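Below is one structure, written out as structure tokens, with a few remarks after it.
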2 protein chains.
Amino acid sequence: MSAHPPRGPRGQATIRDVAREAGVSIATISRVFNQSARVSEETRHRVRDTAARLGYWPNGAARSLITRRTHALGALLPELHGEFFSEVIRGMDLAARRHGFHLIVSSSHADAAELLAALRSMRGRVDGLIAMTPDPGTPAAMDAFAPGLPMVLLNPGSPVRHADTLAIANVEGARAMVRHLARLGHRRIAFVCGPAHNIDAAQRLRGYRQALRAAGLEPRETPGAFTEASGYEAAKELLRAAPRPDAIFAANDAMATGVLGALREAGVRVPDDVAVAGFDDIVSAAWLDPPLTTVRVEPSRLGDLAVERLLEAIAAPADLRRRHEVVATTLVVRRSCGAAARAGATDGVGAPAGATADGNRSAHDGRIHPRRRAAPRTEVRS
Amino acid sequence: MSAHPPRGPRGQATIRDVAREAGVSIATISRVFNQSARVSEETRHRVRDTAARLGYWPNGAARSLITRRTHALGALLPELHGEFFSEVIRGMDLAARRHGFHLIVSSSHADAAELLAALRSMRGRVDGLIAMTPDPGTPAAMDAFAPGLPMVLLNPGSPVRHADTLAIANVEGARAMVRHLARLGHRRIAFVCGPAHNIDAAQRLRGYRQALRAAGLEPRETPGAFTEASGYEAAKELLRAAPRPDAIFAANDAMATGVLGALREAGVRVPDDVAVAGFDDIVSAAWLDPPLTTVRVEPSRLGDLAVERLLEAIAAPADLRRRHEVVATTLVVRRSCGAAARAGATDGVGAPAGATADGNRSAHDGRIHPRRRAAPRTEVRS
DNA sequence: TGGTTTCATGTAATCGTTTTCACACCGAAT
DNA sequence: ATTCGGTGTGAAAACGATTACATGAAACCA
């Protein structure tokens with residue numbers, strides 16, 4: 001009980017304070033906190049006790065200065081908005097915490113320059129990086145910018161050699177949706193596109209085109225911007241067309257929501273007059289009227305996997321084999337396309353409560369299934 | 001052009017490499033990168049050039065070891081889900097970046113213990129902390145755990161002395177909504193509660209009760225859990241009641257969504273038979289059928305303000321005056337309560353496009369307005 | 001011309017850890 | 001009695017920056 005509390009002048013107790021107080025050297029303190037070497041039972045206890053008493057905890061900066069480990073992961077994301085990103089971050093956060101890592105997020109990067117600036121400022125503060133690049137050019141630039149920094153790229157538009165990548169099965173998901181619509185008898189399937197330079201949007205469009213061509217149907221594409229309002233406008237536009245489409249496939253659920261709004265307003269019945277489909281399976285999709293048929297992507301899983309891959313890359317930097325993985329999407333059949341009605345309207349599909357059911361679902365993971373069987377087991381009905 | 005590139009043994013160029021290469025001392029390098037003192041134009045350029053050539057950037061750990069500044073802010077949040085949190089984070093991220101700070105998020109803390117563990121691991125890695133505590137007890141514990149760390153608490157249930165706080169005007173928002181419903185002639189106004197220990201939920205309930213009592217009406221409360229499904233169940237429950245409520249006020253929009261689903265399924269017309277209202281103004285609220293009357297809270301603003309307050313607290317640690325601020329909410333009148341119809345159905349309210357309009361809105365900020373005028377200017381119509 | 005400022009730069013201490021190496025001690029084997 | 005292999009511990013050198021202080025040259029003034 002000295003007059004001066006046993007702390008450094010800066011307030012926080014340091015390793016030296018604990019050493020002095022416990023009557024050992026700083027090396028021993030370090031050993032206790034790192035389990036790095038044998039310390040006698042007695043000393044260990046004494047150290048732990050005094051540390052607790054002084055409120056000591058190793059200084060992260062000092063530690064990472066010498067170990068070259070920050071135990072932090074960086075996440076560089078484009079415009080952060082809405083459920084998708086929130087879920088990606090959630091998945092990353094959970095996985096990072098599970099492994100004792102911190103997550104530094106930096107989002108809302110409109111262009112490559114901003115992203116690179118953020119990357120530079122993160123260098124030395126993170127052990128690895130997860131990045132979602134807005135446009136196809138950036139990945140290469142990023143590598144040049146931070147050589148040697150383990151990276152996982154989320155849905156890079158173009159193939160990438162210097163980093164692991166994780167992509168969403170956008171093309172396959174869109175193809176599956178179009179096949180589903182065609183199977184239900186729809187012939188004039190319109191597509192509401194996403195933003196021009198968005199990679200997901202481009203891939204979904206590609207899937208739409210591929211499947212449409214395969215089915216021998218005519219494409220009908222309208223611009224959109226991934227927002228409800230743009231879907232609303234797109235639908236109004238489509239309704240003006242001479243042979244009205246009998247199905248509208250929006251590149252994401254937000255736009256599909258707008259589409260439904262426009263159809264409702266125009267007195268067009270869904271799915272009787274026009275079928276509607278979306279992409280993403282956001283939470284509210286199941287609660288629209290009618291509940292929306294869509295393609296589920298699990299953003300939180302994307303985040304989770306990204307962290308796992310990144311930690312592997314950090315642990316084994318020598319291993320230059322890059323992994324390029326694709327996260328499956330799932331067709332989620334609800335009422336907006338009329339499939340459930342066709343399957344028999346008797347099965348109480350009415351209850352949106354089913355939206356929370358996580359019933360039998362299985363993924364189509366983008367590999368080509370040679371057998372063309374109609375596959376109800378690859379679908380969720382709710 | 002030496003055989004050995006002028007880099008330290010660990011790969012990354014250090015301040016010493018640049019100094020050697022540029023023919024100056026490390027102090028000068030530091031000065032160039034910090035604008036901390038005058039450096040001749042010529043040397044400055046030479047340093048910048050060689051730094052760029054070697055790909056040098058100051059090591060964050062070393063820097064924060066000596067400056068005691070990490071230029072990072074921590075964000076401790078409870079279960080991270082949905083639009084609300086995503087927007088809070090977005091607001092924080094933007095504000096932090098604006099000031100050159102990094103944002104370390106750690107979410108999904110179910111209980112106080114987890115939160116405290118996260119806090120400990122963040123100590124020394126952040127210059128300040130923004131925390132949203134799940135239950136009322138934690139703030140005090142947090143202070144004990146990290147003495148001297150600047151903190152901003154988001155919506156702490158109880159008054160807090162040792163930190164700045166930022167709260168949402170939940171009580172006032174709920175009161176305003178009930179007054180609005182009563183003014184429209186509704187008398188049996190039911191409330192779908194949020195989770196038992198959630199602070200927002202409790203405050204909204206309190207506002208509901210206060211306003212109801214003030215209007216001389218009977219309360220009617222049902223449990224809920226802030227999820228669509230729980231709103232759905234609550235509405236089914238309410239429909240079974242003997243005198244059916246003529247208005248259902250859900251404690252958040254997700255539950256209101258479920259309420260609408262249940263009413264639609266039961267063939268109850270909204271707003272003609274029953275009015276429905278929510279809280280939050282999530283994006284999809286404007287796209288429900290009918291568009292949802294709700295109370296807008298701007299989570300991104302909450303995040304933004306939290307960062308600003310925190311940075312102030314970091315800059316002036318001596319200033320012990322704590323600020324306790326309340327972020328206003330806004331009544332957003334759409335069709336689910338029938339107000340627009342009352343106001344005259346002629347004004348093209350039909351177009352959900354209006355959902356994106358950011359028209360004349362003004363806040364009721366929780367202060368008591370002694371004059372009881374009906375205040376259409378405090379509302380948004382869309 | 002001598003003295004004082006001012007400016008640009010260098011020297012060296014410092015931040016709080018981790019980690020290598022050395023060393024003292026001890027019981028057992030030679 | 002000596003040698004030996006463990007064990008527990010301490011001394012000291014990093015890690016890569018910032019910054020107080022020192023220094024020398026040039027500029028200014030009387």
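As shown in the structure tokens, the chain order sets the letters A, B, ...; within each chain, residues go from 1, and ligands are also counted from 1 in the order they appear.
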Which chain D residues are at most 9 Å from chain B (counting only C-alpha atoms (C1' of nucleotides)), as a ChimeraX atom specification? /D:15-19
Which neighbours of range 3-13 of chain C fall inside 7 Å, counting only C-alpha atoms (C1' of nucleotides), when residues of the same chain fewer than 3 positions from it are skipped, and could you give them as an mmCIF file with C-alpha atoms, in the first residue's frame?
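Contents of around.cif, as written:
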data_model
loop_
_atom_site.group_PDB
_atom_site.id
_atom_site.type_symbol
_atom_site.label_atom_id
_atom_site.label_comp_id
_atom_site.auth_asym_id
_atom_site.auth_seq_id
_atom_site.Cartn_x
_atom_site.Cartn_y
_atom_site.Cartn_z
ATOM 1 C CA SER B 25 18.094 10.402 -40.681
ATOM 2 C CA VAL B 39 11.496 20.042 -43.771
ATOM 3 C CA SER B 40 13.081 21.610 -46.811
#
Contact check, chain B to chain A, at most 8 Å, counting only C-alpha atoms, closest pairs as a Markdown table:
| residue | atom | partner | partner_atom | distance |
| --- | --- | --- | --- | --- |
| B:Gly55 | CA | A:Phe145 | CA | 8.0 |
| B:Trp57 | CA | A:Arg120 | CA | 7.8 |
| B:Asn59 | CA | A:Gly124 | CA | 5.6 |
| B:Gly60 | CA | A:Gly124 | CA | 5.8 |
| B:Ala61 | CA | A:Ala61 | CA | 4.8 |
| B:Ala62 | CA | A:Leu65 | CA | 5.7 |
| B:Ser64 | CA | A:Ala61 | CA | 6.3 |
| B:Leu65 | CA | A:Ala61 | CA | 5.3 |
| B:Leu80 | CA | A:Arg90 | CA | 6.3 |
| B:His81 | CA | A:Ser86 | CA | 7.1 |
| B:Gly82 | CA | A:Glu83 | CA | 5.8 |
| B:Glu83 | CA | A:Glu83 | CA | 5.8 |
| B:Phe85 | CA | A:Ser86 | CA | 7.5 |
| B:Ser86 | CA | A:Ser86 | CA | 4.9 |
| B:Glu87 | CA | A:His81 | CA | 7.1 |
| B:Arg90 | CA | A:Leu80 | CA | 6.4 |
| B:Asp93 | CA | A:Ser106 | CA | 6.4 |
| B:Leu94 | CA | A:Ser108 | CA | 7.4 |
| B:Arg97 | CA | A:Ser106 | CA | 7.8 |
| B:His102 | CA | A:Ile104 | CA | 6.8 |
| B:Leu103 | CA | A:Ile104 | CA | 5.6 |
| B:Ile104 | CA | A:Ile104 | CA | 4.3 |
| B:Val105 | CA | A:Leu103 | CA | 5.9 |
| B:Ser106 | CA | A:Asp93 | CA | 6.4 |
| B:Ser107 | CA | A:Asp93 | CA | 6.8 |
| B:Ser108 | CA | A:Leu94 | CA | 7.4 |
| B:Arg123 | CA | A:Asn59 | CA | 8.0 |
| B:Gly124 | CA | A:Asn59 | CA | 5.7 |
| B:Arg125 | CA | A:Gly60 | CA | 6.0 |
| B:Glu228 | CA | A:Trp287 | CA | 7.9 |
| B:Ala229 | CA | A:Ala353 | CA | 5.8 |
| B:Tyr232 | CA | A:Ala353 | CA | 7.2 |
| B:Thr257 | CA | A:Trp287 | CA | 6.8 |
| B:Gly258 | CA | A:Trp287 | CA | 7.0 |
| B:Gly261 | CA | A:Trp287 | CA | 6.6 |
| B:Ala262 | CA | A:Pro352 | CA | 7.9 |
| B:Glu265 | CA | A:Gly350 | CA | 7.0 |
| B:Ser284 | CA | A:Ser284 | CA | 7.3 |
| B:Trp287 | CA | A:Gly261 | CA | 6.6 |
| B:Leu288 | CA | A:Leu288 | CA | 6.8 |
| B:Asp289 | CA | A:Asp289 | CA | 7.2 |
| B:Gly350 | CA | A:Glu265 | CA | 7.1 |
| B:Ala351 | CA | A:Glu265 | CA | 7.5 |
| B:Pro352 | CA | A:Gly261 | CA | 6.8 |
| B:Ala353 | CA | A:Ala229 | CA | 5.8 |
| B:Ala355 | CA | A:Ala229 | CA | 7.9 |
| B:Thr356 | CA | A:Ala229 | CA | 7.1 |
Where does DSSP see strand (DSSP E or B) in range 10-132 of chain B, if you list the residues as JSON, numbers by chain? {"B": [72, 73, 74, 75, 76, 102, 103, 104, 105, 106, 128, 129, 130, 131, 132]}
Quick one: which residues from chain C are at most 9 Å off chain A, using only C-alpha atoms (C1' of nucleotides), as a tab-separated table (two decimals) with C-alpha atoms (C1' of nucleotides), in the first residue's frame?
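Saved file part_32.tsv follows:
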chain	number	residue	atom	x	y	z
C	15	DC	C1'	7.19	3.29	-25.77
C	16	DG	C1'	5.89	-2.11	-23.70
C	17	DT	C1'	6.40	-6.13	-25.19
C	18	DT	C1'	8.78	-10.99	-26.85
C	19	DT	C1'	12.53	-13.93	-27.05
Could you jot down the CA of Met142 in chain B to CA of Leu116 in chain B separation for me, Å, one decimal place?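 Separation between CA of Met142 in chain B and CA of Leu116 in chain B: 6.6 Å.
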Work out how far CA of Asn155 in chain A is from CA of Arg321 in chain A, in Å to one decimal.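 CA of Asn155 in chain A lies 18.4 Å from CA of Arg321 in chain A.
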Using Å and a single decimal, report how far CA of Thr294 in chain B sits from CA of Ala234 in chain A.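 That distance, rounded to one decimal, is 26.8 Å.
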Excluding same-chain residues fewer than 6 positions from DT20 in chain C, what lies within 12 Å of it counting only C-alpha atoms (C1' of nucleotides), as an MDAnalysis selection string? (chainID A and resid 27) or (chainID D and resid 11:14)
Would you save the residues from that selection as a PDB file, in the first residue's frame, using N, CA and C atoms (P, O5', C5', C4', C3', O3' and C1' of nucleotides)?
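What follows is the written file again_22.pdb:
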ATOM      1  N   ALA A  27      10.373 -10.843 -18.008  1.00  0.00           N
ATOM      2  CA  ALA A  27      10.329 -12.032 -18.858  1.00  0.00           C
ATOM      3  C   ALA A  27       9.343 -13.044 -18.300  1.00  0.00           C
TER       4      ALA A  27
ATOM      5  P    DA D  11      17.967  -9.220 -13.752  1.00  0.00           P
ATOM      6  O5'  DA D  11      19.090  -9.023 -14.876  1.00  0.00           O
ATOM      7  C5'  DA D  11      19.903 -10.128 -15.275  1.00  0.00           C
ATOM      8  C4'  DA D  11      20.714  -9.767 -16.506  1.00  0.00           C
ATOM      9  C3'  DA D  11      20.646  -8.325 -16.964  1.00  0.00           C
ATOM     10  O3'  DA D  11      21.839  -8.036 -17.680  1.00  0.00           O
ATOM     11  C1'  DA D  11      19.525  -9.675 -18.543  1.00  0.00           C
ATOM     12  P    DA D  12      22.080  -6.629 -18.328  1.00  0.00           P
ATOM     13  O5'  DA D  12      21.613  -6.855 -19.835  1.00  0.00           O
ATOM     14  C5'  DA D  12      22.149  -7.954 -20.566  1.00  0.00           C
ATOM     15  C4'  DA D  12      21.640  -7.925 -21.990  1.00  0.00           C
ATOM     16  C3'  DA D  12      21.469  -6.524 -22.589  1.00  0.00           C
ATOM     17  O3'  DA D  12      21.718  -6.640 -23.968  1.00  0.00           O
ATOM     18  C1'  DA D  12      19.432  -7.591 -22.644  1.00  0.00           C
ATOM     19  P    DA D  13      22.164  -5.401 -24.814  1.00  0.00           P
ATOM     20  O5'  DA D  13      21.733  -5.849 -26.289  1.00  0.00           O
ATOM     21  C5'  DA D  13      21.923  -7.210 -26.671  1.00  0.00           C
ATOM     22  C4'  DA D  13      20.819  -7.624 -27.629  1.00  0.00           C
ATOM     23  C3'  DA D  13      20.495  -6.587 -28.700  1.00  0.00           C
ATOM     24  O3'  DA D  13      20.245  -7.259 -29.913  1.00  0.00           O
ATOM     25  C1'  DA D  13      18.556  -7.087 -27.505  1.00  0.00           C
ATOM     26  P    DA D  14      20.205  -6.480 -31.276  1.00  0.00           P
ATOM     27  O5'  DA D  14      18.992  -5.483 -31.031  1.00  0.00           O
ATOM     28  C5'  DA D  14      18.090  -5.188 -32.071  1.00  0.00           C
ATOM     29  C4'  DA D  14      17.055  -6.286 -32.183  1.00  0.00           C
ATOM     30  C3'  DA D  14      15.836  -5.753 -32.910  1.00  0.00           C
ATOM     31  O3'  DA D  14      15.552  -6.584 -34.006  1.00  0.00           O
ATOM     32  C1'  DA D  14      15.255  -6.473 -30.688  1.00  0.00           C
TER      33       DA D  14
END
Find the residues around Arg296 in chain A up to 7 Å (only C-alpha atoms (C1' of nucleotides) counted), leave out those fewer than 2 positions away in its own chain, and share them as a ChimeraX atom specification. /A:279-281,294,298,329-332
DSSP on the backbone: what in range 55-206 of chain B comes out helix (DSSP H, G or I), as an mmCIF file with N, CA and C atoms, in the first residue's frame?
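What ended up in out21.cif:
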data_model
loop_
_atom_site.group_PDB
_atom_site.id
_atom_site.type_symbol
_atom_site.label_atom_id
_atom_site.label_comp_id
_atom_site.auth_asym_id
_atom_site.auth_seq_id
_atom_site.Cartn_x
_atom_site.Cartn_y
_atom_site.Cartn_z
ATOM 1 N N GLY B 60 1.957 0.836 -38.086
ATOM 2 C CA GLY B 60 0.963 1.320 -37.136
ATOM 3 C C GLY B 60 1.256 0.924 -35.702
ATOM 4 N N ALA B 61 1.727 -0.279 -35.505
ATOM 5 C CA ALA B 61 1.966 -0.752 -34.146
ATOM 6 C C ALA B 61 3.060 0.073 -33.479
ATOM 7 N N ALA B 62 4.147 0.260 -34.198
ATOM 8 C CA ALA B 62 5.256 1.029 -33.634
ATOM 9 C C ALA B 62 4.801 2.436 -33.312
ATOM 10 N N ARG B 63 4.058 2.970 -34.226
ATOM 11 C CA ARG B 63 3.588 4.326 -34.061
ATOM 12 C C ARG B 63 2.670 4.451 -32.845
ATOM 13 N N SER B 64 1.737 3.545 -32.721
ATOM 14 C CA SER B 64 0.798 3.721 -31.622
ATOM 15 C C SER B 64 1.428 3.307 -30.301
ATOM 16 N N LEU B 65 2.512 2.554 -30.372
ATOM 17 C CA LEU B 65 3.206 2.222 -29.132
ATOM 18 C C LEU B 65 3.721 3.497 -28.472
ATOM 19 N N ILE B 66 4.297 4.354 -29.261
ATOM 20 C CA ILE B 66 4.903 5.549 -28.676
ATOM 21 C C ILE B 66 3.915 6.712 -28.537
ATOM 22 N N THR B 67 2.981 6.804 -29.463
ATOM 23 C CA THR B 67 2.035 7.923 -29.380
ATOM 24 C C THR B 67 0.862 7.645 -28.451
ATOM 25 N N GLY B 82 -29.958 -7.543 -39.158
ATOM 26 C CA GLY B 82 -30.919 -6.685 -39.811
ATOM 27 C C GLY B 82 -30.459 -5.277 -40.069
ATOM 28 N N GLU B 83 -31.407 -4.554 -40.593
ATOM 29 C CA GLU B 83 -31.122 -3.242 -41.125
ATOM 30 C C GLU B 83 -30.653 -2.259 -40.075
ATOM 31 N N PHE B 84 -31.214 -2.344 -38.890
ATOM 32 C CA PHE B 84 -30.888 -1.363 -37.863
ATOM 33 C C PHE B 84 -29.391 -1.322 -37.597
ATOM 34 N N PHE B 85 -28.824 -2.437 -37.280
ATOM 35 C CA PHE B 85 -27.417 -2.483 -36.942
ATOM 36 C C PHE B 85 -26.546 -2.159 -38.143
ATOM 37 N N SER B 86 -26.974 -2.678 -39.261
ATOM 38 C CA SER B 86 -26.218 -2.414 -40.463
ATOM 39 C C SER B 86 -26.097 -0.912 -40.686
ATOM 40 N N GLU B 87 -27.167 -0.202 -40.417
ATOM 41 C CA GLU B 87 -27.148 1.242 -40.612
ATOM 42 C C GLU B 87 -26.338 1.956 -39.542
ATOM 43 N N VAL B 88 -26.430 1.473 -38.319
ATOM 44 C CA VAL B 88 -25.620 2.062 -37.251
ATOM 45 C C VAL B 88 -24.140 1.951 -37.620
ATOM 46 N N ILE B 89 -23.757 0.773 -38.031
ATOM 47 C CA ILE B 89 -22.363 0.542 -38.400
ATOM 48 C C ILE B 89 -21.960 1.423 -39.567
ATOM 49 N N ARG B 90 -22.854 1.532 -40.504
ATOM 50 C CA ARG B 90 -22.555 2.361 -41.659
ATOM 51 C C ARG B 90 -22.301 3.802 -41.236
ATOM 52 N N GLY B 91 -23.158 4.311 -40.373
ATOM 53 C CA GLY B 91 -22.967 5.673 -39.892
ATOM 54 C C GLY B 91 -21.642 5.836 -39.167
ATOM 55 N N MET B 92 -21.311 4.852 -38.360
ATOM 56 C CA MET B 92 -20.064 4.920 -37.608
ATOM 57 C C MET B 92 -18.872 4.858 -38.554
ATOM 58 N N ASP B 93 -18.959 3.953 -39.487
ATOM 59 C CA ASP B 93 -17.861 3.757 -40.422
ATOM 60 C C ASP B 93 -17.569 5.034 -41.200
ATOM 61 N N LEU B 94 -18.621 5.623 -41.717
ATOM 62 C CA LEU B 94 -18.449 6.846 -42.495
ATOM 63 C C LEU B 94 -17.817 7.944 -41.650
ATOM 64 N N ALA B 95 -18.343 8.122 -40.457
ATOM 65 C CA ALA B 95 -17.830 9.185 -39.590
ATOM 66 C C ALA B 95 -16.381 8.901 -39.209
ATOM 67 N N ALA B 96 -16.094 7.669 -38.894
ATOM 68 C CA ALA B 96 -14.728 7.314 -38.490
ATOM 69 C C ALA B 96 -13.758 7.583 -39.636
ATOM 70 N N ARG B 97 -14.120 7.151 -40.806
ATOM 71 C CA ARG B 97 -13.247 7.374 -41.955
ATOM 72 C C ARG B 97 -13.040 8.856 -42.214
ATOM 73 N N ARG B 98 -14.103 9.611 -42.058
ATOM 74 C CA ARG B 98 -14.018 11.053 -42.262
ATOM 75 C C ARG B 98 -12.926 11.649 -41.376
ATOM 76 N N ALA B 112 -23.655 -9.837 -20.796
ATOM 77 C CA ALA B 112 -22.680 -8.882 -20.283
ATOM 78 C C ALA B 112 -21.280 -9.487 -20.224
ATOM 79 N N ALA B 113 -21.191 -10.743 -19.873
ATOM 80 C CA ALA B 113 -19.882 -11.382 -19.738
ATOM 81 C C ALA B 113 -19.135 -11.360 -21.062
ATOM 82 N N GLU B 114 -19.813 -11.738 -22.110
ATOM 83 C CA GLU B 114 -19.202 -11.733 -23.442
ATOM 84 C C GLU B 114 -18.751 -10.333 -23.815
ATOM 85 N N LEU B 115 -19.592 -9.393 -23.490
ATOM 86 C CA LEU B 115 -19.292 -8.025 -23.832
ATOM 87 C C LEU B 115 -18.042 -7.553 -23.103
ATOM 88 N N LEU B 116 -17.940 -7.918 -21.847
ATOM 89 C CA LEU B 116 -16.778 -7.501 -21.067
ATOM 90 C C LEU B 116 -15.505 -8.159 -21.591
ATOM 91 N N ALA B 117 -15.622 -9.396 -22.000
ATOM 92 C CA ALA B 117 -14.456 -10.082 -22.567
ATOM 93 C C ALA B 117 -13.990 -9.345 -23.818
ATOM 94 N N ALA B 118 -14.935 -8.992 -24.651
ATOM 95 C CA ALA B 118 -14.596 -8.264 -25.868
ATOM 96 C C ALA B 118 -13.960 -6.936 -25.523
ATOM 97 N N LEU B 119 -14.495 -6.292 -24.521
ATOM 98 C CA LEU B 119 -13.960 -5.004 -24.104
ATOM 99 C C LEU B 119 -12.511 -5.149 -23.668
ATOM 100 N N ARG B 120 -12.233 -6.162 -22.891
ATOM 101 C CA ARG B 120 -10.876 -6.353 -22.414
ATOM 102 C C ARG B 120 -9.900 -6.561 -23.571
ATOM 103 N N SER B 121 -10.350 -7.379 -24.504
ATOM 104 C CA SER B 121 -9.446 -7.668 -25.606
ATOM 105 C C SER B 121 -9.252 -6.447 -26.496
ATOM 106 N N MET B 122 -10.111 -5.481 -26.360
ATOM 107 C CA MET B 122 -9.970 -4.284 -27.184
ATOM 108 C C MET B 122 -9.121 -3.226 -26.504
ATOM 109 N N THR B 138 -24.913 -3.579 -17.354
ATOM 110 C CA THR B 138 -23.551 -3.570 -17.869
ATOM 111 C C THR B 138 -22.785 -2.254 -17.832
ATOM 112 N N PRO B 139 -23.404 -1.122 -18.144
ATOM 113 C CA PRO B 139 -22.598 0.089 -18.222
ATOM 114 C C PRO B 139 -21.663 0.284 -17.031
ATOM 115 N N ALA B 140 -22.169 0.093 -15.834
ATOM 116 C CA ALA B 140 -21.340 0.294 -14.650
ATOM 117 C C ALA B 140 -20.148 -0.660 -14.667
ATOM 118 N N ALA B 141 -20.397 -1.910 -14.966
ATOM 119 C CA ALA B 141 -19.334 -2.910 -15.025
ATOM 120 C C ALA B 141 -18.285 -2.516 -16.047
ATOM 121 N N MET B 142 -18.747 -1.983 -17.164
ATOM 122 C CA MET B 142 -17.813 -1.601 -18.212
ATOM 123 C C MET B 142 -16.863 -0.524 -17.735
ATOM 124 N N ASP B 143 -17.391 0.412 -17.014
ATOM 125 C CA ASP B 143 -16.553 1.501 -16.542
ATOM 126 C C ASP B 143 -15.464 0.968 -15.631
ATOM 127 N N ALA B 144 -15.852 0.056 -14.757
ATOM 128 C CA ALA B 144 -14.886 -0.520 -13.831
ATOM 129 C C ALA B 144 -13.806 -1.278 -14.599
ATOM 130 N N PHE B 145 -14.206 -1.853 -15.697
ATOM 131 C CA PHE B 145 -13.299 -2.694 -16.465
ATOM 132 C C PHE B 145 -12.264 -1.914 -17.248
ATOM 133 N N ASN B 170 -37.387 6.898 -28.100
ATOM 134 C CA ASN B 170 -38.376 5.834 -28.226
ATOM 135 C C ASN B 170 -39.696 6.195 -27.575
ATOM 136 N N VAL B 171 -39.600 6.679 -26.345
ATOM 137 C CA VAL B 171 -40.817 7.008 -25.616
ATOM 138 C C VAL B 171 -41.626 8.042 -26.384
ATOM 139 N N GLU B 172 -40.945 9.091 -26.799
ATOM 140 C CA GLU B 172 -41.629 10.172 -27.497
ATOM 141 C C GLU B 172 -42.214 9.690 -28.821
ATOM 142 N N GLY B 173 -41.453 8.849 -29.526
ATOM 143 C CA GLY B 173 -41.924 8.328 -30.796
ATOM 144 C C GLY B 173 -43.193 7.515 -30.625
ATOM 145 N N ALA B 174 -43.176 6.649 -29.623
ATOM 146 C CA ALA B 174 -44.351 5.811 -29.390
ATOM 147 C C ALA B 174 -45.542 6.669 -28.988
ATOM 148 N N ARG B 175 -45.275 7.650 -28.149
ATOM 149 C CA ARG B 175 -46.360 8.552 -27.746
ATOM 150 C C ARG B 175 -46.957 9.243 -28.957
ATOM 151 N N ALA B 176 -46.094 9.737 -29.819
ATOM 152 C CA ALA B 176 -46.577 10.446 -30.997
ATOM 153 C C ALA B 176 -47.448 9.542 -31.856
ATOM 154 N N MET B 177 -47.022 8.290 -31.978
ATOM 155 C CA MET B 177 -47.794 7.362 -32.796
ATOM 156 C C MET B 177 -49.166 7.111 -32.195
ATOM 157 N N VAL B 178 -49.207 6.892 -30.892
ATOM 158 C CA VAL B 178 -50.496 6.642 -30.244
ATOM 159 C C VAL B 178 -51.404 7.866 -30.381
ATOM 160 N N ARG B 179 -50.827 9.030 -30.182
ATOM 161 C CA ARG B 179 -51.635 10.254 -30.341
ATOM 162 C C ARG B 179 -52.198 10.331 -31.748
ATOM 163 N N HIS B 180 -51.347 9.986 -32.711
ATOM 164 C CA HIS B 180 -51.781 10.011 -34.104
ATOM 165 C C HIS B 180 -52.969 9.054 -34.310
ATOM 166 N N LEU B 181 -52.832 7.866 -33.791
ATOM 167 C CA LEU B 181 -53.893 6.874 -33.959
ATOM 168 C C LEU B 181 -55.177 7.343 -33.273
ATOM 169 N N ALA B 182 -55.032 7.882 -32.074
ATOM 170 C CA ALA B 182 -56.209 8.339 -31.334
ATOM 171 C C ALA B 182 -56.893 9.473 -32.096
ATOM 172 N N ARG B 183 -56.079 10.343 -32.667
ATOM 173 C CA ARG B 183 -56.619 11.485 -33.402
ATOM 174 C C ARG B 183 -57.428 11.003 -34.601
ATOM 175 N N ILE B 199 -34.162 -2.868 -24.306
ATOM 176 C CA ILE B 199 -34.383 -1.518 -23.789
ATOM 177 C C ILE B 199 -35.275 -0.697 -24.703
ATOM 178 N N ASP B 200 -35.020 -0.762 -26.004
ATOM 179 C CA ASP B 200 -35.887 -0.043 -26.930
ATOM 180 C C ASP B 200 -37.329 -0.486 -26.761
ATOM 181 N N ALA B 201 -37.483 -1.794 -26.681
ATOM 182 C CA ALA B 201 -38.829 -2.352 -26.538
ATOM 183 C C ALA B 201 -39.512 -1.790 -25.305
ATOM 184 N N ALA B 202 -38.785 -1.761 -24.207
ATOM 185 C CA ALA B 202 -39.369 -1.275 -22.958
ATOM 186 C C ALA B 202 -39.767 0.189 -23.067
ATOM 187 N N GLN B 203 -38.890 0.965 -23.707
ATOM 188 C CA GLN B 203 -39.189 2.391 -23.812
ATOM 189 C C GLN B 203 -40.382 2.658 -24.712
ATOM 190 N N ARG B 204 -40.472 1.887 -25.774
ATOM 191 C CA ARG B 204 -41.613 2.075 -26.675
ATOM 192 C C ARG B 204 -42.905 1.700 -25.969
ATOM 193 N N LEU B 205 -42.825 0.642 -25.189
ATOM 194 C CA LEU B 205 -43.994 0.229 -24.422
ATOM 195 C C LEU B 205 -44.402 1.337 -23.450
ATOM 196 N N ARG B 206 -43.389 1.929 -22.820
ATOM 197 C CA ARG B 206 -43.679 2.989 -21.869
ATOM 198 C C ARG B 206 -44.397 4.150 -22.557
#
